[in-house]
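File shown: upload_11.cif (mmCIF, C-alpha atoms).
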data_entry
#
loop_
_atom_site.group_PDB
_atom_site.id
_atom_site.type_symbol
_atom_site.label_atom_id
_atom_site.label_comp_id
_atom_site.auth_asym_id
_atom_site.auth_seq_id
_atom_site.Cartn_x
_atom_site.Cartn_y
_atom_site.Cartn_z
ATOM 1 C CA MET A 30 1.694 13.468 -27.482
ATOM 2 C CA SER A 31 1.580 11.235 -24.444
ATOM 3 C CA VAL A 32 -1.673 9.669 -23.423
ATOM 4 C CA ASN A 33 -1.436 7.574 -20.329
ATOM 5 C CA TYR A 34 -2.497 3.984 -20.660
ATOM 6 C CA ASP A 35 -3.174 1.938 -17.608
ATOM 7 C CA GLU A 36 -2.054 -1.640 -17.723
ATOM 8 C CA ARG A 37 -5.047 -2.532 -15.565
ATOM 9 C CA THR A 38 -7.292 -1.625 -18.488
ATOM 10 C CA MET A 39 -5.073 -3.826 -20.635
ATOM 11 C CA ALA A 40 -5.811 -6.636 -18.192
ATOM 12 C CA SER A 41 -9.418 -6.748 -19.387
ATOM 13 C CA THR A 42 -8.473 -7.336 -23.012
ATOM 14 C CA LYS A 43 -8.712 -10.646 -24.792
ATOM 15 C CA THR A 44 -5.030 -10.518 -25.738
ATOM 16 C CA TYR A 45 -4.059 -10.357 -22.072
ATOM 17 C CA MET A 46 -6.341 -13.293 -21.299
ATOM 18 C CA GLY A 47 -4.855 -15.313 -24.163
ATOM 19 C CA PHE A 48 -1.350 -14.543 -23.016
ATOM 20 C CA TRP A 49 -2.231 -15.522 -19.471
ATOM 21 C CA PHE A 50 -3.538 -18.866 -20.797
ATOM 22 C CA TYR A 51 -0.238 -19.355 -22.630
ATOM 23 C CA LEU A 52 1.689 -18.676 -19.408
ATOM 24 C CA MET A 53 -0.443 -21.279 -17.613
ATOM 25 C CA THR A 54 0.434 -23.897 -20.229
ATOM 26 C CA ASP A 55 4.085 -22.915 -19.879
ATOM 27 C CA CYS A 56 3.777 -23.645 -16.160
ATOM 28 C CA ILE A 57 2.603 -27.172 -16.988
ATOM 29 C CA LEU A 58 5.538 -27.554 -19.375
ATOM 30 C CA PHE A 59 8.026 -26.597 -16.684
ATOM 31 C CA ALA A 60 6.231 -28.820 -14.180
ATOM 32 C CA THR A 61 6.776 -31.842 -16.438
ATOM 33 C CA LEU A 62 10.464 -30.931 -16.781
ATOM 34 C CA PHE A 63 10.694 -30.661 -12.989
ATOM 35 C CA ALA A 64 9.016 -34.054 -12.590
ATOM 36 C CA THR A 65 11.476 -35.553 -15.089
ATOM 37 C CA TYR A 66 14.372 -34.019 -13.200
ATOM 38 C CA ALA A 67 13.028 -35.378 -9.921
ATOM 39 C CA VAL A 68 12.866 -38.889 -11.358
ATOM 40 C CA LEU A 69 16.251 -38.812 -13.080
ATOM 41 C CA ARG A 70 18.354 -36.828 -10.625
ATOM 42 C CA GLY A 71 19.847 -39.994 -9.153
ATOM 43 C CA ALA A 72 20.880 -41.449 -12.498
ATOM 44 C CA THR A 73 24.392 -40.057 -12.634
ATOM 45 C CA ASN A 74 25.951 -42.866 -14.707
ATOM 46 C CA GLY A 75 29.022 -42.891 -12.488
ATOM 47 C CA GLY A 76 29.424 -39.203 -13.157
ATOM 48 C CA PRO A 77 28.891 -36.227 -10.873
ATOM 49 C CA ALA A 78 25.759 -35.638 -8.856
ATOM 50 C CA GLY A 79 24.285 -32.211 -8.195
ATOM 51 C CA PHE A 80 26.260 -31.366 -5.075
ATOM 52 C CA GLU A 81 29.519 -31.997 -6.910
ATOM 53 C CA ILE A 82 28.902 -29.530 -9.717
ATOM 54 C CA PHE A 83 26.564 -26.847 -8.344
ATOM 55 C CA GLU A 84 28.106 -23.558 -7.227
ATOM 56 C CA LEU A 85 25.681 -21.878 -4.842
ATOM 57 C CA ASP A 86 27.514 -18.529 -4.935
ATOM 58 C CA LEU A 87 26.902 -18.275 -8.661
ATOM 59 C CA VAL A 88 23.277 -19.316 -8.351
ATOM 60 C CA PHE A 89 22.721 -16.803 -5.549
ATOM 61 C CA VAL A 90 24.012 -13.945 -7.716
ATOM 62 C CA GLU A 91 21.876 -15.160 -10.632
ATOM 63 C CA THR A 92 18.830 -15.180 -8.359
ATOM 64 C CA ILE A 93 19.401 -11.642 -7.112
ATOM 65 C CA LEU A 94 19.943 -10.401 -10.682
ATOM 66 C CA LEU A 95 16.731 -11.960 -11.956
ATOM 67 C CA LEU A 96 14.674 -10.874 -8.941
ATOM 68 C CA THR A 97 15.876 -7.291 -9.295
ATOM 69 C CA SER A 98 15.147 -7.342 -13.032
ATOM 70 C CA SER A 99 11.582 -8.399 -12.189
ATOM 71 C CA PHE A 100 11.350 -5.356 -9.925
ATOM 72 C CA THR A 101 12.736 -2.937 -12.527
ATOM 73 C CA CYS A 102 10.222 -4.398 -14.982
ATOM 74 C CA GLY A 103 7.487 -3.402 -12.527
ATOM 75 C CA LEU A 104 8.992 0.091 -12.452
ATOM 76 C CA ALA A 105 8.667 0.247 -16.245
ATOM 77 C CA ILE A 106 4.952 -0.497 -15.916
ATOM 78 C CA LEU A 107 4.532 2.277 -13.359
ATOM 79 C CA ALA A 108 6.453 4.716 -15.544
ATOM 80 C CA ALA A 109 4.116 3.808 -18.414
ATOM 81 C CA ARG A 110 1.118 4.482 -16.214
ATOM 82 C CA ALA A 111 2.562 7.928 -15.571
ATOM 83 C CA GLY A 112 3.179 8.384 -19.261
ATOM 84 C CA ARG A 113 6.915 8.973 -18.762
ATOM 85 C CA VAL A 114 8.496 7.349 -21.820
ATOM 86 C CA LYS A 115 12.040 8.199 -20.699
ATOM 87 C CA TYR A 116 11.600 6.364 -17.406
ATOM 88 C CA VAL A 117 9.982 3.426 -19.153
ATOM 89 C CA LEU A 118 13.092 3.150 -21.304
ATOM 90 C CA TYR A 119 15.463 3.561 -18.332
ATOM 91 C CA SER A 120 13.637 0.824 -16.434
ATOM 92 C CA LEU A 121 13.576 -1.480 -19.458
ATOM 93 C CA PHE A 122 17.294 -0.886 -19.952
ATOM 94 C CA LEU A 123 17.993 -1.852 -16.336
ATOM 95 C CA THR A 124 15.784 -4.918 -16.750
ATOM 96 C CA PHE A 125 17.767 -5.900 -19.815
ATOM 97 C CA VAL A 126 21.173 -5.443 -18.193
ATOM 98 C CA LEU A 127 20.186 -7.494 -15.152
ATOM 99 C CA GLY A 128 18.573 -10.192 -17.291
ATOM 100 C CA ALA A 129 21.568 -10.353 -19.593
ATOM 101 C CA GLY A 130 23.831 -10.645 -16.559
ATOM 102 C CA PHE A 131 21.774 -13.591 -15.354
ATOM 103 C CA LEU A 132 21.986 -15.241 -18.761
ATOM 104 C CA ALA A 133 25.740 -14.646 -19.071
ATOM 105 C CA LEU A 134 26.358 -16.320 -15.704
ATOM 106 C CA GLU A 135 24.140 -19.251 -16.631
ATOM 107 C CA ILE A 136 25.879 -19.716 -19.979
ATOM 108 C CA SER A 137 29.251 -19.607 -18.233
ATOM 109 C CA GLU A 138 28.050 -22.340 -15.860
ATOM 110 C CA PHE A 139 26.897 -24.508 -18.788
ATOM 111 C CA ALA A 140 30.107 -23.910 -20.733
ATOM 112 C CA LYS A 141 32.181 -24.911 -17.710
ATOM 113 C CA LEU A 142 30.246 -28.132 -17.201
ATOM 114 C CA ILE A 143 30.407 -29.066 -20.879
ATOM 115 C CA GLY A 144 34.101 -28.237 -20.949
ATOM 116 C CA GLU A 145 34.704 -30.635 -18.083
ATOM 117 C CA GLY A 146 32.923 -33.356 -20.046
ATOM 118 C CA TYR A 147 29.705 -33.130 -18.049
ATOM 119 C CA GLY A 148 27.369 -32.196 -20.904
ATOM 120 C CA TRP A 149 23.768 -33.329 -21.301
ATOM 121 C CA THR A 150 24.799 -36.608 -22.925
ATOM 122 C CA HIS A 151 26.871 -37.743 -19.954
ATOM 123 C CA SER A 152 24.028 -39.007 -17.771
ATOM 124 C CA ALA A 153 20.254 -38.946 -17.369
ATOM 125 C CA PHE A 154 20.712 -36.555 -14.441
ATOM 126 C CA LEU A 155 22.647 -34.115 -16.623
ATOM 127 C CA SER A 156 20.162 -34.518 -19.490
ATOM 128 C CA ALA A 157 17.343 -33.572 -17.147
ATOM 129 C CA PHE A 158 19.368 -30.749 -15.607
ATOM 130 C CA PHE A 159 20.348 -29.129 -18.888
ATOM 131 C CA THR A 160 16.837 -29.523 -20.319
ATOM 132 C CA LEU A 161 15.130 -27.977 -17.310
ATOM 133 C CA VAL A 162 17.549 -25.135 -16.637
ATOM 134 C CA GLY A 163 18.236 -24.676 -20.355
ATOM 135 C CA THR A 164 14.544 -24.323 -21.197
ATOM 136 C CA HIS A 165 14.270 -21.569 -18.619
ATOM 137 C CA GLY A 166 17.398 -19.958 -20.055
ATOM 138 C CA LEU A 167 15.895 -20.147 -23.548
ATOM 139 C CA HIS A 168 12.786 -18.366 -22.272
ATOM 140 C CA ILE A 169 15.035 -15.673 -20.766
ATOM 141 C CA THR A 170 16.884 -15.315 -24.072
ATOM 142 C CA VAL A 171 13.676 -14.876 -26.056
ATOM 143 C CA GLY A 172 12.480 -12.445 -23.391
ATOM 144 C CA LEU A 173 15.613 -10.344 -23.788
ATOM 145 C CA LEU A 174 15.133 -10.235 -27.569
ATOM 146 C CA TRP A 175 11.500 -9.228 -27.059
ATOM 147 C CA LEU A 176 12.674 -6.563 -24.634
ATOM 148 C CA ILE A 177 15.006 -5.017 -27.207
ATOM 149 C CA VAL A 178 12.298 -4.895 -29.878
ATOM 150 C CA LEU A 179 9.777 -3.533 -27.382
ATOM 151 C CA ALA A 180 12.129 -0.789 -26.209
ATOM 152 C CA VAL A 181 12.867 0.243 -29.799
ATOM 153 C CA PHE A 182 9.137 0.458 -30.547
ATOM 154 C CA ILE A 183 8.445 2.522 -27.443
ATOM 155 C CA ALA A 184 11.364 4.797 -28.245
ATOM 156 C CA LYS A 185 10.037 5.363 -31.768
ATOM 157 C CA LYS A 186 6.250 5.370 -31.296
ATOM 158 C CA GLY A 187 5.943 6.350 -27.648
ATOM 159 C CA LEU A 188 3.273 4.922 -25.352
ATOM 160 C CA THR A 189 0.361 4.018 -27.612
ATOM 161 C CA PRO A 190 -2.380 1.503 -26.723
ATOM 162 C CA THR A 191 -0.469 -1.080 -28.752
ATOM 163 C CA THR A 192 2.957 -0.514 -27.207
ATOM 164 C CA THR A 193 1.483 -0.314 -23.712
ATOM 165 C CA LYS A 194 -0.350 -3.580 -24.244
ATOM 166 C CA ARG A 195 2.867 -5.216 -25.421
ATOM 167 C CA LEU A 196 4.759 -3.776 -22.486
ATOM 168 C CA THR A 197 2.119 -5.212 -20.148
ATOM 169 C CA LEU A 198 2.366 -8.647 -21.760
ATOM 170 C CA PHE A 199 6.154 -8.548 -21.589
ATOM 171 C CA SER A 200 6.044 -7.742 -17.894
ATOM 172 C CA LEU A 201 3.727 -10.721 -17.337
ATOM 173 C CA PHE A 202 6.216 -12.944 -19.159
ATOM 174 C CA TRP A 203 9.204 -11.577 -17.276
ATOM 175 C CA HIS A 204 7.575 -11.897 -13.825
ATOM 176 C CA PHE A 205 6.498 -15.439 -14.697
ATOM 177 C CA LEU A 206 10.122 -16.357 -15.534
ATOM 178 C CA ASP A 207 11.224 -15.181 -12.106
ATOM 179 C CA VAL A 208 8.471 -17.259 -10.488
ATOM 180 C CA ILE A 209 9.743 -20.350 -12.329
ATOM 181 C CA TRP A 210 13.277 -19.501 -11.181
ATOM 182 C CA ILE A 211 12.144 -19.609 -7.539
ATOM 183 C CA PHE A 212 11.383 -23.285 -7.987
ATOM 184 C CA LEU A 213 14.445 -23.872 -10.105
ATOM 185 C CA PHE A 214 16.956 -22.592 -7.590
ATOM 186 C CA THR A 215 15.123 -24.293 -4.742
ATOM 187 C CA ILE A 216 14.503 -27.723 -6.266
ATOM 188 C CA VAL A 217 17.582 -28.089 -8.456
ATOM 189 C CA TYR A 218 20.337 -26.169 -6.709
ATOM 190 C CA LEU A 219 19.393 -25.931 -3.016
ATOM 191 C CA PHE A 220 17.987 -29.452 -2.870
ATOM 192 C CA GLY A 221 20.982 -30.641 -4.887
ATOM 193 C CA VAL A 222 23.359 -29.322 -2.253
ATOM 194 C CA ILE A 223 21.559 -30.155 1.009
ATOM 195 C CA PRO A 224 21.007 -32.851 -0.471
ATOM 196 C CA VAL A 225 17.406 -33.979 -0.744
ATOM 197 C CA MET B 192 -3.329 9.237 -10.597
ATOM 198 C CA LYS B 193 -0.071 10.153 -8.856
ATOM 199 C CA ASN B 194 -1.344 8.699 -5.605
ATOM 200 C CA ASP B 195 -2.265 5.384 -7.102
ATOM 201 C CA ILE B 196 1.113 5.085 -8.784
ATOM 202 C CA LYS B 197 2.706 5.677 -5.388
ATOM 203 C CA LYS B 198 0.538 2.936 -3.897
ATOM 204 C CA SER B 199 1.571 0.541 -6.657
ATOM 205 C CA LEU B 200 5.217 1.518 -6.172
ATOM 206 C CA TYR B 201 4.890 0.545 -2.505
ATOM 207 C CA LYS B 202 3.361 -2.773 -3.568
ATOM 208 C CA TYR B 203 6.228 -3.550 -5.948
ATOM 209 C CA THR B 204 8.805 -2.462 -3.360
ATOM 210 C CA ILE B 205 7.240 -4.611 -0.649
ATOM 211 C CA GLY B 206 7.074 -7.564 -3.030
ATOM 212 C CA PHE B 207 10.703 -7.090 -3.991
ATOM 213 C CA SER B 208 11.944 -6.628 -0.413
ATOM 214 C CA VAL B 209 10.069 -9.630 0.966
ATOM 215 C CA SER B 210 11.259 -11.785 -1.957
ATOM 216 C CA LEU B 211 14.812 -10.622 -1.265
ATOM 217 C CA VAL B 212 14.544 -11.539 2.408
ATOM 218 C CA LEU B 213 13.088 -14.957 1.579
ATOM 219 C CA THR B 214 15.860 -15.579 -0.955
ATOM 220 C CA PHE B 215 18.530 -14.659 1.597
ATOM 221 C CA GLY B 216 16.701 -16.911 4.054
ATOM 222 C CA SER B 217 16.740 -19.919 1.734
ATOM 223 C CA PHE B 218 20.353 -19.589 0.669
ATOM 224 C CA GLY B 219 21.425 -18.597 4.175
ATOM 225 C CA ALA B 220 19.826 -21.694 5.683
ATOM 226 C CA VAL B 221 21.544 -23.965 3.151
ATOM 227 C CA TYR B 222 24.925 -22.227 3.525
ATOM 228 C CA TYR B 223 24.652 -22.613 7.322
ATOM 229 C CA HIS B 224 23.793 -26.287 6.916
ATOM 230 C CA GLU B 225 26.782 -26.734 4.602
ATOM 231 C CA GLN B 226 29.250 -24.863 6.777
ATOM 232 C CA THR B 227 28.333 -26.840 9.889
ATOM 233 C CA GLY B 228 29.190 -30.026 8.027
ATOM 234 C CA HIS B 229 25.555 -30.793 7.199
ATOM 235 C CA GLU B 230 24.788 -30.924 10.912
ATOM 236 C CA GLY B 231 23.335 -27.504 11.741
ATOM 237 C CA LEU B 232 19.625 -27.329 10.937
ATOM 238 C CA SER B 233 18.787 -30.985 10.473
ATOM 239 C CA HIS B 234 17.142 -32.195 7.279
ATOM 240 C CA ASP B 235 13.766 -32.416 8.980
ATOM 241 C CA ILE B 236 13.767 -28.684 9.632
ATOM 242 C CA LEU B 237 15.879 -27.426 6.742
ATOM 243 C CA VAL B 238 13.947 -28.978 3.861
ATOM 244 C CA PRO B 239 10.437 -27.878 4.943
ATOM 245 C CA LEU B 240 11.900 -24.459 5.787
ATOM 246 C CA VAL B 241 13.374 -23.963 2.325
ATOM 247 C CA VAL B 242 10.158 -25.244 0.732
ATOM 248 C CA ALA B 243 8.110 -22.842 2.873
ATOM 249 C CA PHE B 244 10.342 -19.918 1.838
ATOM 250 C CA ALA B 245 9.856 -20.860 -1.827
ATOM 251 C CA VAL B 246 6.081 -21.191 -1.525
ATOM 252 C CA VAL B 247 5.755 -17.894 0.341
ATOM 253 C CA GLN B 248 7.940 -16.164 -2.229
ATOM 254 C CA LEU B 249 5.752 -17.660 -4.962
ATOM 255 C CA ILE B 250 2.621 -16.215 -3.366
ATOM 256 C CA VAL B 251 4.311 -12.857 -2.756
ATOM 257 C CA GLN B 252 5.391 -12.627 -6.389
ATOM 258 C CA LEU B 253 2.001 -13.799 -7.678
ATOM 259 C CA VAL B 254 0.191 -11.169 -5.622
ATOM 260 C CA PHE B 255 2.604 -8.234 -5.753
ATOM 261 C CA PHE B 256 4.155 -8.682 -9.227
ATOM 262 C CA LEU B 257 1.525 -10.600 -11.180
ATOM 263 C CA HIS B 258 -1.398 -8.971 -9.414
ATOM 264 C CA LEU B 259 -3.172 -12.276 -8.879
ATOM 265 C CA GLY B 260 -6.376 -12.119 -6.869
ATOM 266 C CA ARG B 261 -6.787 -8.394 -7.315
ATOM 267 C CA GLU B 262 -10.231 -7.413 -6.020
ATOM 268 C CA THR B 263 -11.342 -5.809 -9.276
ATOM 269 C CA LYS B 264 -12.167 -7.731 -12.426
ATOM 270 C CA PRO B 265 -10.981 -9.729 -14.148
ATOM 271 C CA ARG B 266 -11.236 -12.692 -11.859
ATOM 272 C CA TRP B 267 -10.864 -15.308 -14.576
ATOM 273 C CA ASN B 268 -7.055 -15.150 -14.385
ATOM 274 C CA TYR B 269 -7.238 -16.388 -10.812
ATOM 275 C CA ILE B 270 -9.716 -19.168 -11.722
ATOM 276 C CA VAL B 271 -7.590 -20.278 -14.679
ATOM 277 C CA PHE B 272 -4.525 -20.260 -12.463
ATOM 278 C CA LEU B 273 -6.255 -22.601 -10.018
ATOM 279 C CA PHE B 274 -7.235 -24.919 -12.856
ATOM 280 C CA MET B 275 -3.614 -24.956 -14.029
ATOM 281 C CA VAL B 276 -2.545 -25.910 -10.519
ATOM 282 C CA LEU B 277 -5.059 -28.770 -10.555
ATOM 283 C CA VAL B 278 -3.753 -30.099 -13.875
ATOM 284 C CA LEU B 279 -0.187 -29.628 -12.660
ATOM 285 C CA VAL B 280 -0.783 -31.570 -9.458
ATOM 286 C CA ILE B 281 -2.427 -34.433 -11.357
ATOM 287 C CA VAL B 282 0.404 -34.607 -13.911
ATOM 288 C CA VAL B 283 3.288 -34.259 -11.454
ATOM 289 C CA VAL B 284 1.965 -36.340 -8.561
ATOM 290 C CA GLY B 285 0.658 -38.947 -10.984
ATOM 291 C CA SER B 286 3.985 -39.182 -12.797
ATOM 292 C CA LEU B 287 6.061 -39.374 -9.639
ATOM 293 C CA TRP B 288 3.721 -41.987 -8.181
ATOM 294 C CA ILE B 289 3.906 -44.125 -11.305
ATOM 295 C CA MET B 290 7.680 -43.819 -11.626
ATOM 296 C CA ASP B 291 8.130 -44.701 -7.976
ATOM 297 C CA ASN B 292 5.936 -47.750 -8.448
ATOM 298 C CA LEU B 293 7.961 -48.849 -11.470
ATOM 299 C CA GLU B 294 11.211 -48.332 -9.617
ATOM 300 C CA TYR B 295 10.027 -50.528 -6.784
ATOM 301 C CA ASN B 296 8.302 -53.290 -8.741
ATOM 302 C CA MET B 297 10.466 -53.764 -11.781
ATOM 303 C CA MET B 298 13.993 -55.001 -12.357
ATOM 304 C CA HIS B 299 16.645 -52.353 -12.672
ATOM 305 C CA ALA B 300 18.929 -52.058 -15.701
ATOM 306 C CA ASP B 301 21.889 -53.742 -13.999
ATOM 307 C CA GLU B 302 19.680 -56.599 -12.802
ATOM 308 C CA ILE B 303 18.278 -57.093 -16.309
ATOM 309 C CA LYS B 304 21.796 -57.129 -17.731
ATOM 310 C CA HIS B 305 22.832 -59.710 -15.171
ATOM 311 C CA TYR B 306 19.745 -61.832 -15.868
ATOM 312 C CA MET B 307 20.413 -61.747 -19.600
ATOM 313 C CA GLU B 308 23.996 -62.877 -19.020
ATOM 314 C CA GLU B 309 22.837 -65.676 -16.748
ATOM 315 C CA HIS B 310 20.088 -66.874 -19.091
ATOM 316 C CA PRO B 311 21.414 -66.734 -22.676
ATOM 317 C CA GLY B 312 18.830 -67.536 -25.337
ATOM 318 C CA SER B 313 15.872 -66.713 -23.096
ATOM 319 C CA PHE B 314 15.167 -63.422 -24.860
#

As structure tokens, the full file:
Amino acid sequence: MSVNYDERTMASTKTYMGFWFYLMTDCILFATLFATYAVLRGATNGGPAGFEIFELDLVFVETILLLTSSFTCGLAILAARAGRVKYVLYSLFLTFVLGAGFLALEISEFAKLIGEGYGWTHSAFLSAFFTLVGTHGLHITVGLLWLIVLAVFIAKKGLTPTTTKRLTLFSLFWHFLDVIWIFLFTIVYLFGVIPV
Amino acid sequence: MKNDIKKSLYKYTIGFSVSLVLTFGSFGAVYYHEQTGHEGLSHDILVPLVVAFAVVQLIVQLVFFLHLGRETKPRWNYIVFLFMVLVLVIVVVGSLWIMDNLEYNMMHADEIKHYMEEHPGSF
């Protein structure tokens, strides 16, 4: 039995409002981490500055992966509106693969830096860098876990009011993470390289 | 129903395409600047350009992906977003202003170290 639930109806629920409030506080959190990074980015303790360790090619690929995953997440919402569980699952799978690709690249970047001795304890700049980018990466990780659980629920129970609501909230979370990434790649990586 | 899904699909596709173009624009501008030995596209143009691309992409994603400012109710999400921006501006601008003031007015770590070496027993 597939009843079609519209995420726009979900938008009028209290849960949606509460989740939106949470996302707003998360924005403030990231803003404080950005401000900290801005203040500390010059404190390199004799170690490397941004332009010496940032690889724009990698960051560009990460950006495209995350942006596309945000789009496929939107496709999942549309598929849910049409009541097509199979296409919801396909879209969620694509979202997961792209998001996991992003995370894998980011982890490889961190591992490389730490391996070269440029971990978060090396300088205030690196502390701020790892905290800011790492917090975003943590959000992505939790999002991917949520995505798995959500997909399993939708596969088992189909599109009920509950699963559709959760799908809607997930998509809010996932889009929000891409919005934060816009500022991350601009302020940390692009400004690191120009440099600003 | 089908029609309105198609309309939403267009919205998502437009949002995605424009974001893609803006992303290429940002990275492209910086790559160009890098390849021309940091000469092509001077700082004064490059930095505001990249910032503009980011801000536009933010708005595009807020409108097309997060459906902010949608005509129908609820409108509170837009109001709350604006309040968040207000708090954010106060926190960030305030912090940067204060830290800048401290950096200018107070002794730096190396100066303090030097002072302590020069004036033993004064602390």

Evaluating the PyMOL selection byres ((chain B) within 9 of (chain A)) on the displayed file yields which residues, as a VMD selection string? chain B and resid 192 to 193 196 to 197 199 to 200 203 to 204 206 to 207 210 to 211 214 to 215 217 to 218 221 to 222 224 to 225 229 234 237 to 238 241 to 242 245 to 246 248 to 249 252 to 253 256 to 257 264 to 265 267 to 268 271 to 272 275 to 276 278 to 280 282 to 284 286 to 287 290 to 291

Pairwise distance for CA of Val217 in chain A and CA of Val254 in chain B, rounded to one decimal in Å: 24.4 Å

CA of Thr124 in chain A and CA of Ile169 in chain A are how many Å apart? 11.5 Å

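Here the PyMOL selection byres ((chain A and resi 132-136) around 9) catches exactly these residues: Leu87, Val88, Val90, Glu91, Leu127, Gly128, Ala129, Gly130, Phe131, Ser137, Glu138, Phe139, Ala140, Lys141, Val162, Gly163, Gly166, Ile169 and Thr170 of chain A.
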